[in-house]
Amino acid sequence: MAWHANGQFDPVEDTPFITSPTNTPVGLDIASSEDTQDGHPIGNEDAVWKKDHAITVAEHDKDTNQEPQKKKWWQKGKKKKEKKEKPPAVAFKALFRFADWKDKCLMCFSFVCATIVGASLPAFCYLFGALMNDLNNATAQEIEQKTNEICLIMTLIGVAEWVLCTLYVAAIEVSSARQMRILRTTFFSSILKQEVAFFDGEKSGELTNRLSSDVQIISGLMGVKIANLVQYVATFFFAYAFAFWQSWRLTLIMLCVMPIMAVCGGIMAKLVANFTTKAQDTYATAGGIAQEVLSSIRTVQAFCAMERECERYGVKITEVEKVGIKKGFWLGMSQGVTFFVLFGSYALAFYYGSYLIEWGLNTGGTVVAVFFSVLIGAFQMGAAGPIFTDIAQARGAAYHVYHIIDRHPSMVVDDPTSEKLESLQGQIEFNHVAFRYPSRSDVPIFNDLNLTIKPGQTVALVGPSGSGKSSIISLIERFYDVEGGNITVDGVQLQKLNLQWWREQIGIVTQEPTLFSASVLDNIKYANPAATQEDIIQACKDAYIHDVISKLPNGYDTQVGEGGSQLSGGQKQRVAIARAIIKNPKILLLDEATSALDRQSEMIVQEALQNVMRGRTVITIAHRLVTIQDADLICYIEPRDPSAPEGSYASFSHLLESGSHKVLVAQNGAYARMWNTQMQAEQGPESPGSPSSPSVLKKHGLTFEQANEEVFHDVEESAGNKQGKRDKAKAKAENKKSKLASLKRTAKLNKPEWCWVTLGVIASAIAGTSYPIYAVLFSEVVNVFYQPNIREEVWKWCLLFVGLGTLNLISIVVKLYCLNYAGEKLTTRLRAMLFRALVHMEIGFFDMPGNESGALCARLASDTTEIQHLWGGAIGTNVQAGVCLVMGIIIAFIVSWNLALVTASAVPAMILAGIINTKFMFGFNQKSGTAFEAAQQVATESISGCRTVFAFNMQKAQVTRYDSLLEGPRRQALIKGIVSGFFFGFSQFIIFGAFALSYWYGGQLVADGTLTFDQVLKCSFALLMGAMGVGEVYSMAGDQTSAVQAADRVYEILDRVPAIDTTAGGQVLAQVQGSGSFKDVGFSYPSRPDVKILRHLNLDFASGQRIALLGSTGCGKSTIISLLMRYYDPKTGGIDVDGAALKGLDVNKWRDSIGIVSQEPVLFDDTVEANIKYGKPDATEEEMHLAAKRANIHNIIMSLPNGYKTQVGAKGSQLSGGQKQRVAIARCIIRKPQVLLLDEATSALDNVSEKEVQAALDDIITQDKMTVLTVAHRLSTIKNCNTIIIMDQGKILEQGSHEELYALGGDYRRRYDQYYGTGY
């Protein structure tokens, strides 16, 4: 490990593994050298735990070809045994695998201090036994002298314990923070080290949930809990060592019940661990659903699927609830049986002790000291019970985390043994390449692909959607390895090249570029961290985005939002082009790089790309053949024929034709047919029309600078700061009422389970009486030991001890089961309510900082669980402790009011310490929670955008960014540890101080003859047990402060009224006609109200009309679509539809009448069938097939082995861009909407598919008399629209029909001429 001189961890250098001197992960045994190939283990790719670990890691890859082992004859039919398989968990010592020497020193120091603290109570037992023997039949003067000596020693022990507790808590908190930072960073780093195929088989939401919840479970154990465990265990061993020294006979009798307790505890712990692991796995699925839905919230709301998604999420969290309820029962049984066995052992000890006293083998003081010592040791082990449960949970969580950390990816990004070419020429050859996607191994792509790309050559890949063009790009990037044949670069096999070096030579711009939630500058610089500001500016100038960025208030420091959500599609693509340019790559991959740009911007950027492409090897994919007609080599890829015999040539995608544009056109083959079809579709008018049309509103020419002016709607920093200050002031004013209000509200939410809560509270109160009753029984037994008729009296008290144990068993089981039942119901209810509230929030809510999908999912996962510490089990603990305290005080006052009054004076100090500690912990937890949410968001977007991360070698940059956000909590750990340790130590000191004070004053009263010593004992013990109850309450202080903060965050969202409430109802149009008007509409995005997007927009459209929106990227076209979808409301003016105000309509009913296909369609990680039926859940199979046929996707779907049941992968990753868009079109068509909104709906389709889909859309539009608003950069798709609107900077520049605008000779004509040019 490399902890540098400044004490900081370097994630770039230190994240791969925590290694031994042999560079092998600690505790792991990697395959020997003779079992390796190319430096990597063969066979099982995952590391195998050595025998000192409790598990064997199974293969992680779901698509492994390894056959399952056959059952032996004696195993057949034994299904029950299979169900009892040991749950996966790591060995306990593996939890500390990330501790370096500093952490080990801190832990050792903490454990030594905790061990010394653990010895204090056995020392007290010795003093107590000696005091009893000395006071038996002593004079008043001797009693006073002895009590003074003992009390002084007790006070000194208390002071020492105070100091040691402060030290050990501070040390372990610092060590824990350091280790957890490394664990989080290493886990995140390990995820980003995996190959792309790994992510194809995993849901990104589940991975991010593992990074959040599983690591949090481990973190919850690694702090003060583990040091407390050492203290408890030390107390146990010291106590029993002292007991053996004092009376081995009595100790052995008491120990005979230990095996029973160990067996019961082991069984219960195993059951609890099983249920914990199952609950974690189940919620990982639910968390994946939440992540997918919230990151695709526009699509969810567009199809009014909020309730459907709530139901889907609800099913999974209900499964989590059922597991949690079972876990609560067995947890109650575990603790209840433990207490029953303990009290039974006390009865046995007292009964046998009476014989030892009678036989003269021990004195009464010795028996009491031994008993008291064993009692304390057993109680400490009982207190350790929940920690052992936490250990079981942490071991189960660590299994999943370490499994990924220790997984060897099939592609090592920076393998030191791989080759780096001294001089890259850029010749790429595909030699008999066979390939299929690992996640869909039954669908072949290529079988014998041969292709040569020469240095400096521009090669264009064309062909229908789904033919394998993007697969070639993926193979060149080496996202996947070939199945057969090989790919060579300058004669060297691609697999032998250093992958990081190779990707550094490549620049890529994809059809759907991924940007990260950072500034414009950072997004570009990720591709080349060494780039200077001047380099970045030049790259932006080349991509024609510099002028736009420069006009922003924060310039290049402007935040682009989650996934670049604050930018338009064209703006995102230009930033992505600048990001590719900044790499200065030798090889450039362009996958529909300009598909999101209007024709004018496309021509400008295409010219810039031509400059960048000079001297480079370029592979480009384009559906607009005019953009690639100058390519040196054009390759037409013929898609596989699903109906062809399996294994035949036609059953694989293959290179059908290749050559220059002129050569291929002359051949009159497939390429020529595609070219001719496209040219016919894009044939321009022979002559302009008359300019006399009255519908032309305005004529105006634009310079390039004016046309290129775009508007970002990002989050303005100043606005965010003002909002942050308001929120902070509001929070500060309400902090005092926060806990009480949260408690009341949580109780109200748990009202349906009031009977369970009541029963649990009653059981808690009964359990709370056990300590004071024990104090009375113990005092009476001690008194009996000094009576002559000891044998006649002791058995009565022993029976009462057995009864007390039975009472504890029943009350604890009932308490934990009932309150856990209510708590699990509460958590499920809160999760359902929070998820429902989130999916119904307006889109502007998700644009605001802090409301990214990753942060919101973290709240769903952890905040709703934390609230249980405010209610549920916590209320039972509080009631139990309160009853214990009150009953202890009552007993003490009954025995001696004056001694009770003196002893009780220590209780306020303990309560005050708890309150102060709570306030400090509240602040620490709030800061840490904010940092962890920000880090979680970085992880979420990196995992979901893993292809972009890999393509630009951003792994180290993202890990560094993630790690830097964890630095704050690590720095706060020392202060947090000192503060919490100080008050924890103070609470321990108060216990010793209260004893000392009580015995000192009690000695005075005994010396005066006011009280007897057994009365002093009874009074002091009753109060002590009450004080221990208070201590137990404040041991929960950290959890309760976290619960208050969690409740505030959850209730803040639940209380927020959406600006556009989809549940509020409204006017419902009897029949949507589809007419509408924008009246003087002004609009700015809520996240940046100072930037105007639309300015006094006036627009009318009639029912059945087709309106096209055209203009430079970012001029407000997509904003009009968003306003019609009512994602936002205008700031000024209004929108009417069919004569009614859009703002007054029922949102869901209105959206039900709309169909929308966006430029970057979102598909869900489900089957093709589920994605198409997302538009109409009750659609029949015939309707689904018809929609797919109209979208020209039916045949492709049927060619898949599972047909419509085929999984599309996360965000449709298993489909090509064109296939995704066609599925999205089918999803829209199946709704049969009255209003159709098309935002570049066919931009990802090849010309043939576009023509077919466009023809189908035209038929549907005509038949159903739809109103259509379309945004398109391909003028061929909008030429036949009734009205074409040219926009610029949020205003209408020109509008009219194609003929009218062409005749006008203005901006539209210039664009049209640029689009078709000469030679078209």
# chains A, B, ... in the order shown; residues from 1 in each chain; ligands from 1
$ residues_around --residues "region 1199-1210 of chain A" --least-positions-apart "6" --cutoff "8 Å" --atoms "only C-alpha atoms" --output "number ranges by chain"
A: 200, 203-204, 442-443, 641-643, 1163-1169
$ residues_around --residues "Gly1133 (chain A)" --least-positions-apart "5" --cutoff "12 Å" --atoms "only C-alpha atoms" --output "list in words"
Ser1077, Phe1078, Lys1079, Asp1080, Val1081, Gly1082, Phe1083, Leu1094, Arg1095, His1096, Leu1097, Asn1098, Leu1099, Ala1141, Leu1142 and Lys1143 of chain A
$ write_last_selection --atoms "all heavy atoms" --output "compact mmCIF listing (two decimals), in the first residue's frame"
# COMPACT_ATOMS: atom_id res chain seq x y z
N SER A 1077 -51.90 25.85 -29.45
CA SER A 1077 -51.25 27.13 -29.70
C SER A 1077 -50.34 27.50 -28.52
O SER A 1077 -50.66 27.22 -27.37
CB SER A 1077 -52.29 28.23 -29.92
OG SER A 1077 -53.09 28.41 -28.76
N PHE A 1078 -49.22 28.10 -28.87
CA PHE A 1078 -48.31 28.70 -27.89
C PHE A 1078 -48.55 30.20 -27.96
O PHE A 1078 -48.42 30.82 -29.02
CB PHE A 1078 -46.86 28.40 -28.25
CG PHE A 1078 -46.42 26.99 -27.93
CD1 PHE A 1078 -46.96 25.91 -28.59
CD2 PHE A 1078 -45.45 26.76 -26.96
CE1 PHE A 1078 -46.56 24.62 -28.31
CE2 PHE A 1078 -45.03 25.47 -26.66
CZ PHE A 1078 -45.59 24.39 -27.33
N LYS A 1079 -48.90 30.80 -26.83
CA LYS A 1079 -49.23 32.21 -26.79
C LYS A 1079 -48.20 32.98 -25.97
O LYS A 1079 -48.17 32.90 -24.74
CB LYS A 1079 -50.63 32.42 -26.19
CG LYS A 1079 -51.74 31.75 -27.00
CD LYS A 1079 -53.09 31.95 -26.34
CE LYS A 1079 -54.21 31.27 -27.16
NZ LYS A 1079 -55.53 31.42 -26.50
N ASP A 1080 -47.34 33.68 -26.68
CA ASP A 1080 -46.35 34.55 -26.04
C ASP A 1080 -45.56 33.78 -24.96
O ASP A 1080 -45.34 34.27 -23.86
CB ASP A 1080 -47.03 35.76 -25.42
CG ASP A 1080 -46.02 36.90 -25.20
OD1 ASP A 1080 -45.08 37.03 -26.00
OD2 ASP A 1080 -46.18 37.62 -24.20
N VAL A 1081 -45.14 32.59 -25.30
CA VAL A 1081 -44.50 31.70 -24.32
C VAL A 1081 -43.04 32.10 -24.09
O VAL A 1081 -42.27 32.26 -25.04
CB VAL A 1081 -44.57 30.23 -24.78
CG1 VAL A 1081 -43.66 29.35 -23.93
CG2 VAL A 1081 -46.01 29.73 -24.71
N GLY A 1082 -42.72 32.28 -22.84
CA GLY A 1082 -41.33 32.46 -22.43
C GLY A 1082 -40.96 31.33 -21.49
O GLY A 1082 -41.77 30.89 -20.69
N PHE A 1083 -39.74 30.86 -21.63
CA PHE A 1083 -39.37 29.69 -20.82
C PHE A 1083 -37.88 29.69 -20.51
O PHE A 1083 -37.05 30.06 -21.35
CB PHE A 1083 -39.72 28.40 -21.55
CG PHE A 1083 -39.30 27.15 -20.81
CD1 PHE A 1083 -40.00 26.73 -19.68
CD2 PHE A 1083 -38.18 26.43 -21.21
CE1 PHE A 1083 -39.60 25.61 -18.98
CE2 PHE A 1083 -37.78 25.31 -20.51
CZ PHE A 1083 -38.48 24.89 -19.40
N LEU A 1094 -36.90 30.08 -24.56
CA LEU A 1094 -37.92 30.55 -25.50
C LEU A 1094 -38.27 31.99 -25.16
O LEU A 1094 -38.44 32.33 -23.98
CB LEU A 1094 -39.17 29.66 -25.45
CG LEU A 1094 -38.99 28.19 -25.83
CD1 LEU A 1094 -40.32 27.45 -25.71
CD2 LEU A 1094 -38.41 28.03 -27.23
N ARG A 1095 -38.42 32.80 -26.19
CA ARG A 1095 -38.68 34.22 -25.98
C ARG A 1095 -39.92 34.63 -26.78
O ARG A 1095 -39.89 34.68 -28.00
CB ARG A 1095 -37.47 35.05 -26.44
CG ARG A 1095 -36.15 34.62 -25.84
CD ARG A 1095 -34.98 35.20 -26.61
NE ARG A 1095 -33.70 34.65 -26.17
CZ ARG A 1095 -32.94 35.16 -25.22
NH1 ARG A 1095 -33.32 36.25 -24.60
NH2 ARG A 1095 -31.80 34.59 -24.90
N HIS A 1096 -41.01 34.90 -26.07
CA HIS A 1096 -42.26 35.38 -26.70
C HIS A 1096 -42.63 34.53 -27.90
O HIS A 1096 -42.90 35.04 -28.99
CB HIS A 1096 -42.11 36.84 -27.10
CG HIS A 1096 -41.70 37.74 -25.96
ND1 HIS A 1096 -42.55 38.06 -24.92
CD2 HIS A 1096 -40.51 38.34 -25.69
CE1 HIS A 1096 -41.91 38.85 -24.07
NE2 HIS A 1096 -40.66 39.03 -24.50
N LEU A 1097 -42.67 33.23 -27.70
CA LEU A 1097 -42.98 32.31 -28.79
C LEU A 1097 -44.48 32.24 -29.03
O LEU A 1097 -45.26 32.01 -28.11
CB LEU A 1097 -42.44 30.91 -28.46
CG LEU A 1097 -42.71 29.84 -29.51
CD1 LEU A 1097 -41.84 30.06 -30.74
CD2 LEU A 1097 -42.45 28.44 -28.94
N ASN A 1098 -44.87 32.44 -30.28
CA ASN A 1098 -46.26 32.30 -30.70
C ASN A 1098 -46.31 31.27 -31.83
O ASN A 1098 -45.63 31.42 -32.85
CB ASN A 1098 -46.83 33.63 -31.18
CG ASN A 1098 -47.01 34.61 -30.04
OD1 ASN A 1098 -47.99 34.54 -29.29
ND2 ASN A 1098 -46.06 35.54 -29.89
N LEU A 1099 -47.10 30.23 -31.60
CA LEU A 1099 -47.15 29.13 -32.56
C LEU A 1099 -48.54 28.49 -32.52
O LEU A 1099 -49.05 28.20 -31.44
CB LEU A 1099 -46.07 28.10 -32.21
CG LEU A 1099 -46.12 26.75 -32.93
CD1 LEU A 1099 -45.89 26.94 -34.42
CD2 LEU A 1099 -45.09 25.79 -32.34
N ALA A 1141 -56.68 25.15 -21.65
CA ALA A 1141 -55.33 25.42 -21.16
C ALA A 1141 -54.65 24.11 -20.81
O ALA A 1141 -55.19 23.29 -20.05
CB ALA A 1141 -55.39 26.34 -19.94
N LEU A 1142 -53.47 23.89 -21.36
CA LEU A 1142 -52.73 22.65 -21.10
C LEU A 1142 -52.47 22.49 -19.61
O LEU A 1142 -52.50 21.37 -19.08
CB LEU A 1142 -51.41 22.66 -21.88
CG LEU A 1142 -50.49 21.46 -21.68
CD1 LEU A 1142 -51.18 20.16 -22.09
CD2 LEU A 1142 -49.19 21.65 -22.48
N LYS A 1143 -52.23 23.58 -18.93
CA LYS A 1143 -51.91 23.53 -17.51
C LYS A 1143 -53.08 23.02 -16.68
O LYS A 1143 -52.90 22.51 -15.57
CB LYS A 1143 -51.50 24.92 -17.03
CG LYS A 1143 -50.69 24.95 -15.76
CD LYS A 1143 -50.12 26.33 -15.50
CE LYS A 1143 -49.22 26.33 -14.28
NZ LYS A 1143 -48.62 27.66 -14.04
$ atom_distance --atom1 "CA of Leu655 (chain A)" --atom2 "CA of Leu475 (chain A)"
15.4 Å
$ residues_around --residues "Gly615 (chain A)" --least-positions-apart "4" --cutoff "12 Å" --atoms "only C-alpha atoms" --output "list in words"
Gln425, Gly426, Lys454, Pro455, Gly456, Gln457, Thr458, Asn584, Pro585, Lys586, Ile587, Leu588, Leu609, Gln610 and Asn611 of chain A
$ write_last_selection --atoms "all heavy atoms" --output "CSV table (one decimal), in the first residue's frame"
chain,number,residue,atom,x,y,z
A,425,GLN,N,1.5,2.6,-37.3
A,425,GLN,CA,1.1,3.0,-38.6
A,425,GLN,C,-0.4,3.1,-38.8
A,425,GLN,O,-0.9,4.0,-39.5
A,425,GLN,CB,1.7,2.0,-39.7
A,425,GLN,CG,3.2,1.9,-39.6
A,425,GLN,CD,3.9,3.3,-39.8
A,425,GLN,OE1,3.5,4.0,-40.7
A,425,GLN,NE2,4.9,3.6,-39.0
A,426,GLY,N,-1.1,2.1,-38.2
A,426,GLY,CA,-2.6,2.2,-38.3
A,426,GLY,C,-3.2,1.2,-39.2
A,426,GLY,O,-4.4,1.4,-39.6
A,454,LYS,N,-6.1,0.1,-44.4
A,454,LYS,CA,-4.7,0.6,-44.5
A,454,LYS,C,-4.5,1.9,-43.7
A,454,LYS,O,-5.4,2.6,-43.5
A,454,LYS,CB,-4.4,0.8,-46.0
A,454,LYS,CG,-4.5,-0.5,-46.8
A,454,LYS,CD,-4.2,-0.2,-48.3
A,454,LYS,CE,-4.3,-1.6,-49.1
A,454,LYS,NZ,-4.0,-1.3,-50.5
A,455,PRO,N,-3.2,2.1,-43.4
A,455,PRO,CA,-2.8,3.4,-42.7
A,455,PRO,C,-3.3,4.6,-43.4
A,455,PRO,O,-3.1,4.7,-44.6
A,455,PRO,CB,-1.3,3.3,-42.6
A,455,PRO,CG,-1.0,1.8,-42.7
A,455,PRO,CD,-2.0,1.3,-43.7
A,456,GLY,N,-3.9,5.5,-42.7
A,456,GLY,CA,-4.3,6.8,-43.3
A,456,GLY,C,-5.5,6.7,-44.1
A,456,GLY,O,-6.0,7.7,-44.7
A,457,GLN,N,-6.1,5.5,-44.2
A,457,GLN,CA,-7.3,5.3,-45.0
A,457,GLN,C,-8.6,5.6,-44.3
A,457,GLN,O,-8.7,5.4,-43.1
A,457,GLN,CB,-7.3,3.8,-45.5
A,457,GLN,CG,-8.2,3.6,-46.7
A,457,GLN,CD,-8.1,2.1,-47.2
A,457,GLN,OE1,-8.0,1.2,-46.3
A,457,GLN,NE2,-8.0,1.9,-48.5
A,458,THR,N,-9.5,6.2,-45.0
A,458,THR,CA,-10.8,6.4,-44.4
A,458,THR,C,-11.8,5.3,-44.9
A,458,THR,O,-12.0,5.2,-46.1
A,458,THR,CB,-11.4,7.8,-44.8
A,458,THR,OG1,-10.6,8.8,-44.3
A,458,THR,CG2,-12.8,7.9,-44.3
A,584,ASN,N,-5.9,13.6,-29.9
A,584,ASN,CA,-5.0,13.6,-31.1
A,584,ASN,C,-4.8,12.2,-31.5
A,584,ASN,O,-3.6,11.7,-31.5
A,584,ASN,CB,-3.7,14.3,-30.7
A,584,ASN,CG,-2.9,14.6,-32.0
A,584,ASN,OD1,-3.4,14.6,-33.1
A,584,ASN,ND2,-1.6,14.7,-31.8
A,585,PRO,N,-5.8,11.4,-31.8
A,585,PRO,CA,-5.6,10.0,-32.0
A,585,PRO,C,-5.1,9.6,-33.3
A,585,PRO,O,-5.2,10.4,-34.3
A,585,PRO,CB,-7.1,9.5,-31.9
A,585,PRO,CG,-7.9,10.6,-32.4
A,585,PRO,CD,-7.2,11.9,-31.9
A,586,LYS,N,-4.4,8.5,-33.4
A,586,LYS,CA,-3.9,7.9,-34.7
A,586,LYS,C,-5.1,7.3,-35.4
A,586,LYS,O,-5.0,7.2,-36.7
A,586,LYS,CB,-2.8,6.9,-34.4
A,586,LYS,CG,-1.6,7.5,-33.7
A,586,LYS,CD,-0.8,8.3,-34.7
A,586,LYS,CE,0.5,8.8,-34.1
A,586,LYS,NZ,1.4,7.7,-33.8
A,587,ILE,N,-6.1,6.8,-34.7
A,587,ILE,CA,-7.2,6.1,-35.3
A,587,ILE,C,-8.5,6.7,-34.8
A,587,ILE,O,-8.6,7.0,-33.6
A,587,ILE,CB,-7.2,4.6,-34.9
A,587,ILE,CG1,-5.9,3.9,-35.5
A,587,ILE,CG2,-8.4,3.9,-35.5
A,587,ILE,CD1,-5.7,2.5,-35.0
A,588,LEU,N,-9.4,7.0,-35.7
A,588,LEU,CA,-10.6,7.7,-35.3
A,588,LEU,C,-11.8,6.9,-35.7
A,588,LEU,O,-11.9,6.4,-36.8
A,588,LEU,CB,-10.7,9.1,-36.0
A,588,LEU,CG,-11.8,10.1,-35.6
A,588,LEU,CD1,-11.6,10.5,-34.1
A,588,LEU,CD2,-11.7,11.3,-36.5
A,609,LEU,N,-14.0,17.7,-39.0
A,609,LEU,CA,-13.6,16.3,-38.9
A,609,LEU,C,-12.6,15.9,-40.1
A,609,LEU,O,-11.7,15.2,-39.9
A,609,LEU,CB,-14.8,15.4,-38.9
A,609,LEU,CG,-15.6,15.4,-37.6
A,609,LEU,CD1,-16.8,14.5,-37.7
A,609,LEU,CD2,-14.7,14.9,-36.4
A,610,GLN,N,-12.9,16.5,-41.2
A,610,GLN,CA,-12.1,16.2,-42.4
A,610,GLN,C,-10.6,16.7,-42.1
A,610,GLN,O,-9.7,16.1,-42.4
A,610,GLN,CB,-12.6,17.0,-43.6
A,610,GLN,CG,-13.9,16.4,-44.2
A,610,GLN,CD,-13.7,15.0,-44.8
A,610,GLN,OE1,-12.6,14.6,-45.1
A,610,GLN,NE2,-14.7,14.2,-44.9
A,611,ASN,N,-10.5,17.9,-41.4
A,611,ASN,CA,-9.2,18.4,-41.0
A,611,ASN,C,-8.5,17.5,-40.0
A,611,ASN,O,-7.3,17.2,-40.1
A,611,ASN,CB,-9.3,19.8,-40.5
A,611,ASN,CG,-9.8,20.8,-41.5
A,611,ASN,OD1,-9.6,20.6,-42.7
A,611,ASN,ND2,-10.5,21.8,-41.0
$ select_by_dssp --residues "region 402-590 of chain A" --states "helix (DSSP H, G or I)" --output "ChimeraX atom specification"
/A:402-405,438-440,469-476,494-496,499-504,520-525,533-542,546-550,555-557,562-564,569-581
$ residues_around --residues "Ser742 (chain A)" --least-positions-apart "3" --cutoff "10 Å" --atoms "only C-alpha atoms" --output "ChimeraX atom specification"
/A:737-739,745-748,867,870-871,1043-1048,1051
$ select_by_dssp --residues "region 1015-1166 of chain A" --states "strand (DSSP E)" --output "ChimeraX atom specification"
/A:1076-1083,1094-1101,1106-1111,1132-1137,1140-1141,1154-1157
$ write_last_selection --atoms "C-alpha atoms" --output "mmCIF file, in the first residue's frame"
data_model
loop_
_atom_site.group_PDB
_atom_site.id
_atom_site.type_symbol
_atom_site.label_atom_id
_atom_site.label_comp_id
_atom_site.auth_asym_id
_atom_site.auth_seq_id
_atom_site.Cartn_x
_atom_site.Cartn_y
_atom_site.Cartn_z
ATOM 1 C CA GLY A 1076 -52.949 23.805 -30.087
ATOM 2 C CA SER A 1077 -51.246 27.133 -29.701
ATOM 3 C CA PHE A 1078 -48.310 28.702 -27.894
ATOM 4 C CA LYS A 1079 -49.231 32.210 -26.787
ATOM 5 C CA ASP A 1080 -46.346 34.546 -26.040
ATOM 6 C CA VAL A 1081 -44.497 31.704 -24.319
ATOM 7 C CA GLY A 1082 -41.328 32.464 -22.432
ATOM 8 C CA PHE A 1083 -39.369 29.694 -20.821
ATOM 9 C CA LEU A 1094 -37.920 30.549 -25.503
ATOM 10 C CA ARG A 1095 -38.679 34.221 -25.984
ATOM 11 C CA HIS A 1096 -42.258 35.381 -26.696
ATOM 12 C CA LEU A 1097 -42.980 32.307 -28.793
ATOM 13 C CA ASN A 1098 -46.263 32.298 -30.699
ATOM 14 C CA LEU A 1099 -47.151 29.132 -32.562
ATOM 15 C CA ASP A 1100 -50.440 27.660 -33.793
ATOM 16 C CA PHE A 1101 -51.105 24.210 -35.178
ATOM 17 C CA ARG A 1106 -47.729 17.993 -39.600
ATOM 18 C CA ILE A 1107 -45.408 20.626 -38.164
ATOM 19 C CA ALA A 1108 -41.650 20.430 -38.491
ATOM 20 C CA LEU A 1109 -39.251 22.279 -36.206
ATOM 21 C CA LEU A 1110 -35.918 23.152 -37.749
ATOM 22 C CA GLY A 1111 -32.990 25.178 -36.516
ATOM 23 C CA THR A 1132 -44.744 33.380 -19.114
ATOM 24 C CA GLY A 1133 -47.589 33.053 -21.567
ATOM 25 C CA GLY A 1134 -49.577 29.869 -21.974
ATOM 26 C CA ILE A 1135 -50.210 26.782 -24.070
ATOM 27 C CA ASP A 1136 -53.673 25.716 -25.207
ATOM 28 C CA VAL A 1137 -54.701 22.380 -26.701
ATOM 29 C CA ALA A 1140 -58.295 24.260 -23.206
ATOM 30 C CA ALA A 1141 -55.329 25.423 -21.155
ATOM 31 C CA ILE A 1154 -49.348 11.458 -26.992
ATOM 32 C CA GLY A 1155 -46.746 9.236 -28.558
ATOM 33 C CA ILE A 1156 -43.119 10.286 -28.384
ATOM 34 C CA VAL A 1157 -39.892 8.979 -29.886
#
